[in-house]
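Q: Below is one structure. I have some questions about it.
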Amino acid sequence: MLDIRLYMAQRLSALIMVPLVIGHIAVMIYAVQGGLTVDEILSRTQGSFAWFLFYGSFVVAVSVHGAIGLRVISFEWLGLKGRSLTILSWIVFAGLLGLGGRAVFAVTSAGGGL
Amino acid sequence: MMKRIGLLTSDTKMMTVSIWREEENDGRFEDYEVPARENQTVLDVVAYVQQHIDPTLSYRFACRVGMCGSCAMMVNGAPRWTCRTHVSKVVTDERLEVGPLRNLPVIKDLATDMDPFFEKWVAAEAVFHPSATRDDPMAAITPDDPMRIAASEAIECINCAVCYAACDVVENNPDYFGPAALNRAWSLVNDSRDAGQDARLAAVGSNGGCHNCHSQQGCVQYCPNELNPTLSIAGLKRETTKAMFRWSR
Amino acid sequence: MIRPHRSHPLWVAFLLHRISGLGLALFLPVHFYMLSLAITAPERLDGLLRFTDLTIVKVAEFGLVFLLAVHLFGGLRLMALEFLPWSPHQKTMASMAVALAFMVSTSFFLKAI
């Protein structure tokens, strides 16, 4: 089920995410004070290459990590295997990467004004 | 009337034991009345049923002293070596339930087919590959050699398959080698006389290998010899990772 | 569900890690979709963000932060188990992971209300 390549991908993506998750939680605790608005989010992230790198690498890592995690769960708990398991893993990976990439672009692109 | 040890008298306290009876995939628990002695093991109870109530009850045992690893069964839902498990220690709500080991096919009643268990030892390369012949001098390994110490920690396995029955990864993943085979592979990784290390690391890094372990540590919880297969498997994870970087160069 | 052979703390720690991971993976598409609204339909996103004023939504957010934190600390525990020398304090570390996650998610909750 999990050979060494998938295992390494799972652990490496996890290691990459350790500082990112800590940062994400810190930002959440900071930003949630006084409620959230679109303007507030965008004023922090829009046009920022640093936030693009932060959330961009986060999305790539979580797509790998989530795809492998769901692959293991689908195999162990739903009995999925063989080609359907491979296809599901790739769909989860591509789906998370696509949706996540779009979200990162939405909050970090320079916006209509520039 | 003469009182003889082992025979019932009118004032013998009794208890009920539920034992799994299975033949040709038709199985169910059946209740038996057995003496509730102060000092008796689960194996004593099973033996009592077979000797005094139903001689067709099948179960496996040999040494009775916790060395041979033949008598492991599920006792009240948990895997135990029955010859060293006192009834008084495991009985809950006056209930004793004895079944065949989990995760293995049942041959009859309490006797399981151990073939898949041992086939996986071979698949995991948990077998010694000699690097010398009988004509070579004896390998000199000092007791304080770190590899020897690491091997010693994993070496007291009696192949009872308690860990195999405790493991949910084994239950959910038919390819998974299981804690015992991987633990044995780890003791061989630390055997400096072994000549099959590359093949072993490839085997434990394959589909059924150590990377499937979720570190639930049921094996550690239930191993009757207090071994730590999770530690061994973590060692294999590290060594296969190192080997991957070696091979990729 | 928790059958006798599973009734030990480290199996529960495994279950918590799996459930939190599953929960986060299922939440992520929603999270990503909502963030994309920032550029396609900002007024809709603002409308959705106003729901976060509701106490029930704050409690749900607390749950999500707990899932993220417990998956983080539980994952750190697992990687320490795999890549650092063995520690005999496995159960202590598992309970520490839960305690830390609870602390982090509670600080979030206290800032949110």
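To be explicit about the labels: the chains of the structure tokens are called A, B, and onward in the order shown, and within each one the residues are counted from 1, while ligands get numbers from 1 in the order they are shown.
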Please identify all residues of chain C having at least one atom at most 6 Å from any atom of chain A, considering only C-alpha atoms, and return them as a PyMOL selection string.

A: chain C and resi 25+32+35-36+39+46+108+111-112

Q: Would you mind exporting N, CA and C atoms of the selected residues as a CSV table (one decimal), in the first residue's frame?

A:
```
chain,number,residue,atom,x,y,z
C,25,ALA,N,-9.0,17.4,5.5
C,25,ALA,CA,-9.0,17.1,4.0
C,25,ALA,C,-10.4,17.4,3.4
C,32,PHE,N,-10.9,26.6,0.5
C,32,PHE,CA,-10.3,27.1,-0.8
C,32,PHE,C,-11.4,27.8,-1.6
C,35,LEU,N,-12.2,31.2,-0.2
C,35,LEU,CA,-11.2,32.2,-0.4
C,35,LEU,C,-11.2,32.7,-1.8
C,36,SER,N,-11.5,31.8,-2.8
C,36,SER,CA,-11.5,32.3,-4.2
C,36,SER,C,-12.6,33.3,-4.4
C,39,ILE,N,-11.9,37.2,-4.9
C,39,ILE,CA,-11.7,38.0,-6.1
C,39,ILE,C,-12.9,37.9,-7.0
C,46,ASP,N,-18.0,38.4,1.9
C,46,ASP,CA,-18.2,39.2,3.1
C,46,ASP,C,-19.5,38.8,3.8
C,108,PHE,N,-7.5,30.6,20.4
C,108,PHE,CA,-8.1,31.1,19.2
C,108,PHE,C,-9.6,31.5,19.5
C,111,LYS,N,-10.0,34.6,21.5
C,111,LYS,CA,-9.8,35.8,20.7
C,111,LYS,C,-11.0,36.0,19.7
C,112,ALA,N,-11.6,35.0,19.4
C,112,ALA,CA,-12.7,35.0,18.4
C,112,ALA,C,-14.0,35.6,19.0
```

Q: Once you count only C-alpha atoms, what closest atom pair and distance in Å to one decimal does each residue of chain A within 9 Å of chain B have, with rows by chain and rising residue number, as a Markdown table?

A:
```
| residue | atom | partner | partner_atom | distance |
| --- | --- | --- | --- | --- |
| A:Met1 | CA | B:Asn207 | CA | 5.1 |
| A:Leu2 | CA | B:Asn212 | CA | 5.5 |
| A:Asp3 | CA | B:Asn207 | CA | 4.9 |
| A:Ile4 | CA | B:Gly205 | CA | 5.4 |
| A:Arg5 | CA | B:Gly205 | CA | 8.9 |
| A:Leu6 | CA | B:His211 | CA | 8.8 |
| A:Tyr7 | CA | B:His211 | CA | 6.2 |
| A:Met8 | CA | B:Thr241 | CA | 7.7 |
| A:Val72 | CA | B:Asn212 | CA | 8.8 |
| A:Phe75 | CA | B:Asn173 | CA | 7.9 |
| A:Glu76 | CA | B:Asn172 | CA | 5.0 |
| A:Trp77 | CA | B:Asn172 | CA | 7.2 |
| A:Gly79 | CA | B:Asn172 | CA | 8.1 |
```

Q: Keeping only C-alpha atoms, write those residues as a PDB file, in the first residue's frame.

A:
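Contents of again.pdb, as written:
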```pdb
ATOM      1  CA  MET A   1       0.000   0.000   0.000  1.00  0.00           C
ATOM      2  CA  LEU A   2       2.486   2.603   1.197  1.00  0.00           C
ATOM      3  CA  ASP A   3       5.921   1.944  -0.234  1.00  0.00           C
ATOM      4  CA  ILE A   4       8.919   4.037   0.652  1.00  0.00           C
ATOM      5  CA  ARG A   5       8.329   6.686  -2.049  1.00  0.00           C
ATOM      6  CA  LEU A   6       4.823   7.533  -0.857  1.00  0.00           C
ATOM      7  CA  TYR A   7       6.002   7.382   2.744  1.00  0.00           C
ATOM      8  CA  MET A   8       8.797   9.868   2.025  1.00  0.00           C
ATOM      9  CA  VAL A  72      -4.476   5.225   2.937  1.00  0.00           C
ATOM     10  CA  PHE A  75      -7.634   1.579   1.143  1.00  0.00           C
ATOM     11  CA  GLU A  76      -7.920   0.611   4.800  1.00  0.00           C
ATOM     12  CA  TRP A  77     -11.484   1.660   5.546  1.00  0.00           C
ATOM     13  CA  GLY A  79     -11.307  -1.343   0.596  1.00  0.00           C
TER      14      GLY A  79
END
```

Q: Find the residues of chain B in contact range of chain C, meaning any atom within 8 Å when counting only C-alpha atoms, and list them as a list in words.

A: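 Listed by rising number, the hits are Asn76, Gly77, Ala78, Pro79, Ala166, His214, Ser215, Gln216, Gln217, Gly218, Gln221, Leu231, Ala234, Gly235, Lys237 and Arg238 of chain B.
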
Q: Please give the complete set of residues from segment 25-220 of chain B that DSSP, run on the backbone, assigns to helix (DSSP H, G or I), formatted as number ranges by chain.

A: B: 42-53, 82-84, 87-90, 115-123, 146-154, 162-166, 168-172, 179-189, 197-204, 210-212, 218-220

Q: Take the residues from that selection and put them in a file with C-alpha atoms, as a PDB file, in the first residue's frame.

A:
```pdb
ATOM      1  CA  VAL B  42      -6.890 -19.543  30.455  1.00  0.00           C
ATOM      2  CA  LEU B  43      -5.159 -22.559  28.918  1.00  0.00           C
ATOM      3  CA  ASP B  44      -6.114 -24.609  32.015  1.00  0.00           C
ATOM      4  CA  VAL B  45      -9.754 -23.679  31.407  1.00  0.00           C
ATOM      5  CA  VAL B  46      -9.595 -24.598  27.717  1.00  0.00           C
ATOM      6  CA  ALA B  47      -7.874 -27.872  28.584  1.00  0.00           C
ATOM      7  CA  TYR B  48     -10.535 -28.608  31.220  1.00  0.00           C
ATOM      8  CA  VAL B  49     -13.295 -28.201  28.638  1.00  0.00           C
ATOM      9  CA  GLN B  50     -11.518 -30.484  26.180  1.00  0.00           C
ATOM     10  CA  GLN B  51     -10.697 -33.140  28.792  1.00  0.00           C
ATOM     11  CA  HIS B  52     -13.933 -33.163  30.782  1.00  0.00           C
ATOM     12  CA  ILE B  53     -16.735 -31.745  28.645  1.00  0.00           C
ATOM     13  CA  THR B  82      -3.079 -18.340  27.363  1.00  0.00           C
ATOM     14  CA  CYS B  83      -0.616 -20.499  29.304  1.00  0.00           C
ATOM     15  CA  ARG B  84       0.702 -17.490  31.213  1.00  0.00           C
ATOM     16  CA  VAL B  87      -8.103 -16.132  34.545  1.00  0.00           C
ATOM     17  CA  SER B  88      -8.435 -13.883  37.608  1.00  0.00           C
ATOM     18  CA  LYS B  89      -6.360 -11.180  35.856  1.00  0.00           C
ATOM     19  CA  VAL B  90      -8.459 -10.984  32.691  1.00  0.00           C
ATOM     20  CA  ASP B 115       1.055 -20.100   7.425  1.00  0.00           C
ATOM     21  CA  PRO B 116       0.310 -16.506   6.339  1.00  0.00           C
ATOM     22  CA  PHE B 117       2.090 -15.277   9.467  1.00  0.00           C
ATOM     23  CA  PHE B 118       5.283 -17.195   8.708  1.00  0.00           C
ATOM     24  CA  GLU B 119       5.129 -16.646   4.945  1.00  0.00           C
ATOM     25  CA  LYS B 120       5.362 -12.948   5.704  1.00  0.00           C
ATOM     26  CA  TRP B 121       8.512 -13.493   7.769  1.00  0.00           C
ATOM     27  CA  VAL B 122      10.116 -14.852   4.610  1.00  0.00           C
ATOM     28  CA  ALA B 123       8.639 -12.088   2.425  1.00  0.00           C
ATOM     29  CA  PRO B 146      25.757  -0.930  19.814  1.00  0.00           C
ATOM     30  CA  MET B 147      24.399  -3.136  17.014  1.00  0.00           C
ATOM     31  CA  ARG B 148      24.465  -6.158  19.292  1.00  0.00           C
ATOM     32  CA  ILE B 149      22.565  -4.186  21.942  1.00  0.00           C
ATOM     33  CA  ALA B 150      19.964  -3.090  19.370  1.00  0.00           C
ATOM     34  CA  ALA B 151      19.591  -6.689  18.172  1.00  0.00           C
ATOM     35  CA  SER B 152      19.226  -7.945  21.745  1.00  0.00           C
ATOM     36  CA  GLU B 153      16.250  -5.664  22.340  1.00  0.00           C
ATOM     37  CA  ALA B 154      14.321  -7.364  19.549  1.00  0.00           C
ATOM     38  CA  VAL B 162      -0.067 -11.945  19.605  1.00  0.00           C
ATOM     39  CA  CYS B 163       1.235  -8.721  17.999  1.00  0.00           C
ATOM     40  CA  TYR B 164      -0.094  -9.823  14.620  1.00  0.00           C
ATOM     41  CA  ALA B 165      -3.551 -10.272  16.157  1.00  0.00           C
ATOM     42  CA  ALA B 166      -3.326  -6.934  17.992  1.00  0.00           C
ATOM     43  CA  ASP B 168      -5.231  -3.086  12.954  1.00  0.00           C
ATOM     44  CA  VAL B 169      -2.953  -2.459   9.976  1.00  0.00           C
ATOM     45  CA  VAL B 170      -2.707  -6.235   9.524  1.00  0.00           C
ATOM     46  CA  GLU B 171      -6.494  -6.395   9.707  1.00  0.00           C
ATOM     47  CA  ASN B 172      -6.984  -3.718   7.046  1.00  0.00           C
ATOM     48  CA  PRO B 179       4.972  -6.442  13.696  1.00  0.00           C
ATOM     49  CA  ALA B 180       6.667  -9.802  14.340  1.00  0.00           C
ATOM     50  CA  ALA B 181       8.223 -10.211  10.891  1.00  0.00           C
ATOM     51  CA  LEU B 182       9.418  -6.605  10.820  1.00  0.00           C
ATOM     52  CA  ASN B 183      10.762  -6.880  14.364  1.00  0.00           C
ATOM     53  CA  ARG B 184      12.764  -9.924  13.292  1.00  0.00           C
ATOM     54  CA  ALA B 185      13.980  -8.076  10.190  1.00  0.00           C
ATOM     55  CA  TRP B 186      15.198  -5.281  12.464  1.00  0.00           C
ATOM     56  CA  SER B 187      17.177  -7.671  14.665  1.00  0.00           C
ATOM     57  CA  LEU B 188      18.838  -8.963  11.469  1.00  0.00           C
ATOM     58  CA  VAL B 189      19.567  -5.436  10.213  1.00  0.00           C
ATOM     59  CA  GLN B 197      21.056  -6.337   4.010  1.00  0.00           C
ATOM     60  CA  ASP B 198      20.257  -4.731   0.637  1.00  0.00           C
ATOM     61  CA  ALA B 199      17.628  -7.350  -0.172  1.00  0.00           C
ATOM     62  CA  ARG B 200      16.183  -6.985   3.327  1.00  0.00           C
ATOM     63  CA  LEU B 201      15.909  -3.204   3.159  1.00  0.00           C
ATOM     64  CA  ALA B 202      14.285  -3.512  -0.272  1.00  0.00           C
ATOM     65  CA  ALA B 203      11.807  -6.054   1.119  1.00  0.00           C
ATOM     66  CA  VAL B 204      10.848  -4.029   4.199  1.00  0.00           C
ATOM     67  CA  CYS B 210       7.374  -1.096   7.450  1.00  0.00           C
ATOM     68  CA  HIS B 211       5.994   2.144   5.972  1.00  0.00           C
ATOM     69  CA  ASN B 212       2.421   0.945   6.412  1.00  0.00           C
ATOM     70  CA  GLY B 218      -1.042  -2.468  19.995  1.00  0.00           C
ATOM     71  CA  CYS B 219       1.911  -4.804  19.418  1.00  0.00           C
ATOM     72  CA  VAL B 220       3.849  -3.096  22.221  1.00  0.00           C
TER      73      VAL B 220
END
```

Q: What's the separation between atom CA of Gly56 of chain A and atom CA of Phe102 of chain C, in Å to one decimal place?

A: 27.6 Å

Q: Enumerate the residues of chain B with a DSSP assignment of strand (DSSP E or B), computed from the backbone, and present them as a PyMOL selection string.

A: chain B and resi 14-23+26-35+41+72-75+78-81+86+92+95-99+106-108+111-112+130+194

Q: Print the selection's residues with C-alpha atoms to a file, as a PDB file, in the first residue's frame.

A:
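The resulting file, result_37.pdb, is reproduced below:
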```
ATOM      1  CA  MET B  14     -18.299 -22.799  38.932  1.00  0.00           C
ATOM      2  CA  MET B  15     -17.930 -20.194  36.189  1.00  0.00           C
ATOM      3  CA  THR B  16     -19.034 -19.893  32.580  1.00  0.00           C
ATOM      4  CA  VAL B  17     -16.581 -19.691  29.706  1.00  0.00           C
ATOM      5  CA  SER B  18     -17.598 -18.899  26.137  1.00  0.00           C
ATOM      6  CA  ILE B  19     -15.437 -20.679  23.611  1.00  0.00           C
ATOM      7  CA  TRP B  20     -15.436 -20.173  19.853  1.00  0.00           C
ATOM      8  CA  ARG B  21     -16.390 -23.355  18.000  1.00  0.00           C
ATOM      9  CA  GLU B  22     -15.835 -23.386  14.280  1.00  0.00           C
ATOM     10  CA  GLU B  23     -15.763 -25.988  11.600  1.00  0.00           C
ATOM     11  CA  ASP B  26     -19.482 -22.161  10.512  1.00  0.00           C
ATOM     12  CA  GLY B  27     -18.640 -20.566  13.835  1.00  0.00           C
ATOM     13  CA  ARG B  28     -20.264 -19.355  17.078  1.00  0.00           C
ATOM     14  CA  PHE B  29     -19.462 -18.970  20.781  1.00  0.00           C
ATOM     15  CA  GLU B  30     -20.631 -21.800  23.046  1.00  0.00           C
ATOM     16  CA  ASP B  31     -20.885 -21.676  26.828  1.00  0.00           C
ATOM     17  CA  TYR B  32     -19.303 -24.226  29.155  1.00  0.00           C
ATOM     18  CA  GLU B  33     -19.441 -24.569  32.943  1.00  0.00           C
ATOM     19  CA  VAL B  34     -15.983 -24.953  34.414  1.00  0.00           C
ATOM     20  CA  PRO B  35     -14.636 -24.838  37.964  1.00  0.00           C
ATOM     21  CA  THR B  41      -4.695 -20.019  33.508  1.00  0.00           C
ATOM     22  CA  ALA B  72      -1.993 -17.533  21.854  1.00  0.00           C
ATOM     23  CA  MET B  73      -5.749 -16.845  21.628  1.00  0.00           C
ATOM     24  CA  MET B  74      -8.150 -13.935  21.914  1.00  0.00           C
ATOM     25  CA  VAL B  75      -9.193 -13.672  25.554  1.00  0.00           C
ATOM     26  CA  ALA B  78      -7.540  -9.123  23.445  1.00  0.00           C
ATOM     27  CA  PRO B  79      -4.692 -11.360  22.252  1.00  0.00           C
ATOM     28  CA  ARG B  80      -2.953 -13.246  25.084  1.00  0.00           C
ATOM     29  CA  TRP B  81      -0.559 -16.138  25.614  1.00  0.00           C
ATOM     30  CA  HIS B  86      -4.330 -16.044  34.812  1.00  0.00           C
ATOM     31  CA  THR B  92     -14.292  -8.936  33.455  1.00  0.00           C
ATOM     32  CA  ARG B  95     -17.123 -13.184  31.901  1.00  0.00           C
ATOM     33  CA  LEU B  96     -14.465 -15.172  30.092  1.00  0.00           C
ATOM     34  CA  GLU B  97     -14.544 -15.417  26.321  1.00  0.00           C
ATOM     35  CA  VAL B  98     -11.898 -17.363  24.410  1.00  0.00           C
ATOM     36  CA  GLY B  99     -11.573 -17.158  20.634  1.00  0.00           C
ATOM     37  CA  VAL B 106      -9.287 -20.547  11.544  1.00  0.00           C
ATOM     38  CA  ILE B 107      -8.571 -24.221  10.977  1.00  0.00           C
ATOM     39  CA  LYS B 108     -10.938 -25.435  13.692  1.00  0.00           C
ATOM     40  CA  ALA B 111      -6.546 -23.385  16.217  1.00  0.00           C
ATOM     41  CA  THR B 112      -5.543 -20.885  13.524  1.00  0.00           C
ATOM     42  CA  PRO B 130      25.132 -16.140   6.305  1.00  0.00           C
ATOM     43  CA  ASP B 194      24.351 -11.015   7.803  1.00  0.00           C
TER      44      ASP B 194
END
```

Q: One number please: atom CA of Val104 of chain C to atom CA of Ala69 of chain C, in Å, one decimal.

A: 7.0 Å

Q: How many Å lie between atom CA of Ile155 of chain B and atom CA of Ser70 of chain B, rounded to one decimal?

A: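 Straight-line distance from atom CA of Ile155 of chain B to atom CA of Ser70 of chain B works out to 17.6 Å.
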
Q: I need the residue nearest Ser13 of chain A from this list: C:His89, C:Gly63, C:Ala94, C:Gly75. Use only C-alpha atoms for the distance.

A: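 Closest residue, counting only C-alpha atoms: C:Gly75.
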
Q: For Thr86 of chain A, work out the shell of residues within 10 Å, counting only C-alpha atoms and skipping chain neighbours fewer than 5 positions away, then give it as an mmCIF file with C-alpha atoms, in the first residue's frame.

A:
```cif
data_model
loop_
_atom_site.group_PDB
_atom_site.id
_atom_site.type_symbol
_atom_site.label_atom_id
_atom_site.label_comp_id
_atom_site.auth_asym_id
_atom_site.auth_seq_id
_atom_site.Cartn_x
_atom_site.Cartn_y
_atom_site.Cartn_z
ATOM 1 C CA ALA A 67 -3.886 12.883 -1.322
ATOM 2 C CA ILE A 68 -1.668 10.251 0.311
ATOM 3 C CA ARG A 71 -5.383 7.147 -0.231
ATOM 4 C CA LEU A 80 -10.431 0.614 -2.534
ATOM 5 C CA LYS A 81 -7.396 -0.760 -4.373
ATOM 6 C CA ILE A 91 -8.022 13.337 -8.326
#
```

Q: Please provide the set of residues having any atom within 10 Å of Phe62 of chain C, restricted to only C-alpha atoms, with same-chain residues fewer than 2 positions apart removed, written as a PyMOL selection string.

A: chain C and resi 56-60+64-68+102+104-110+112
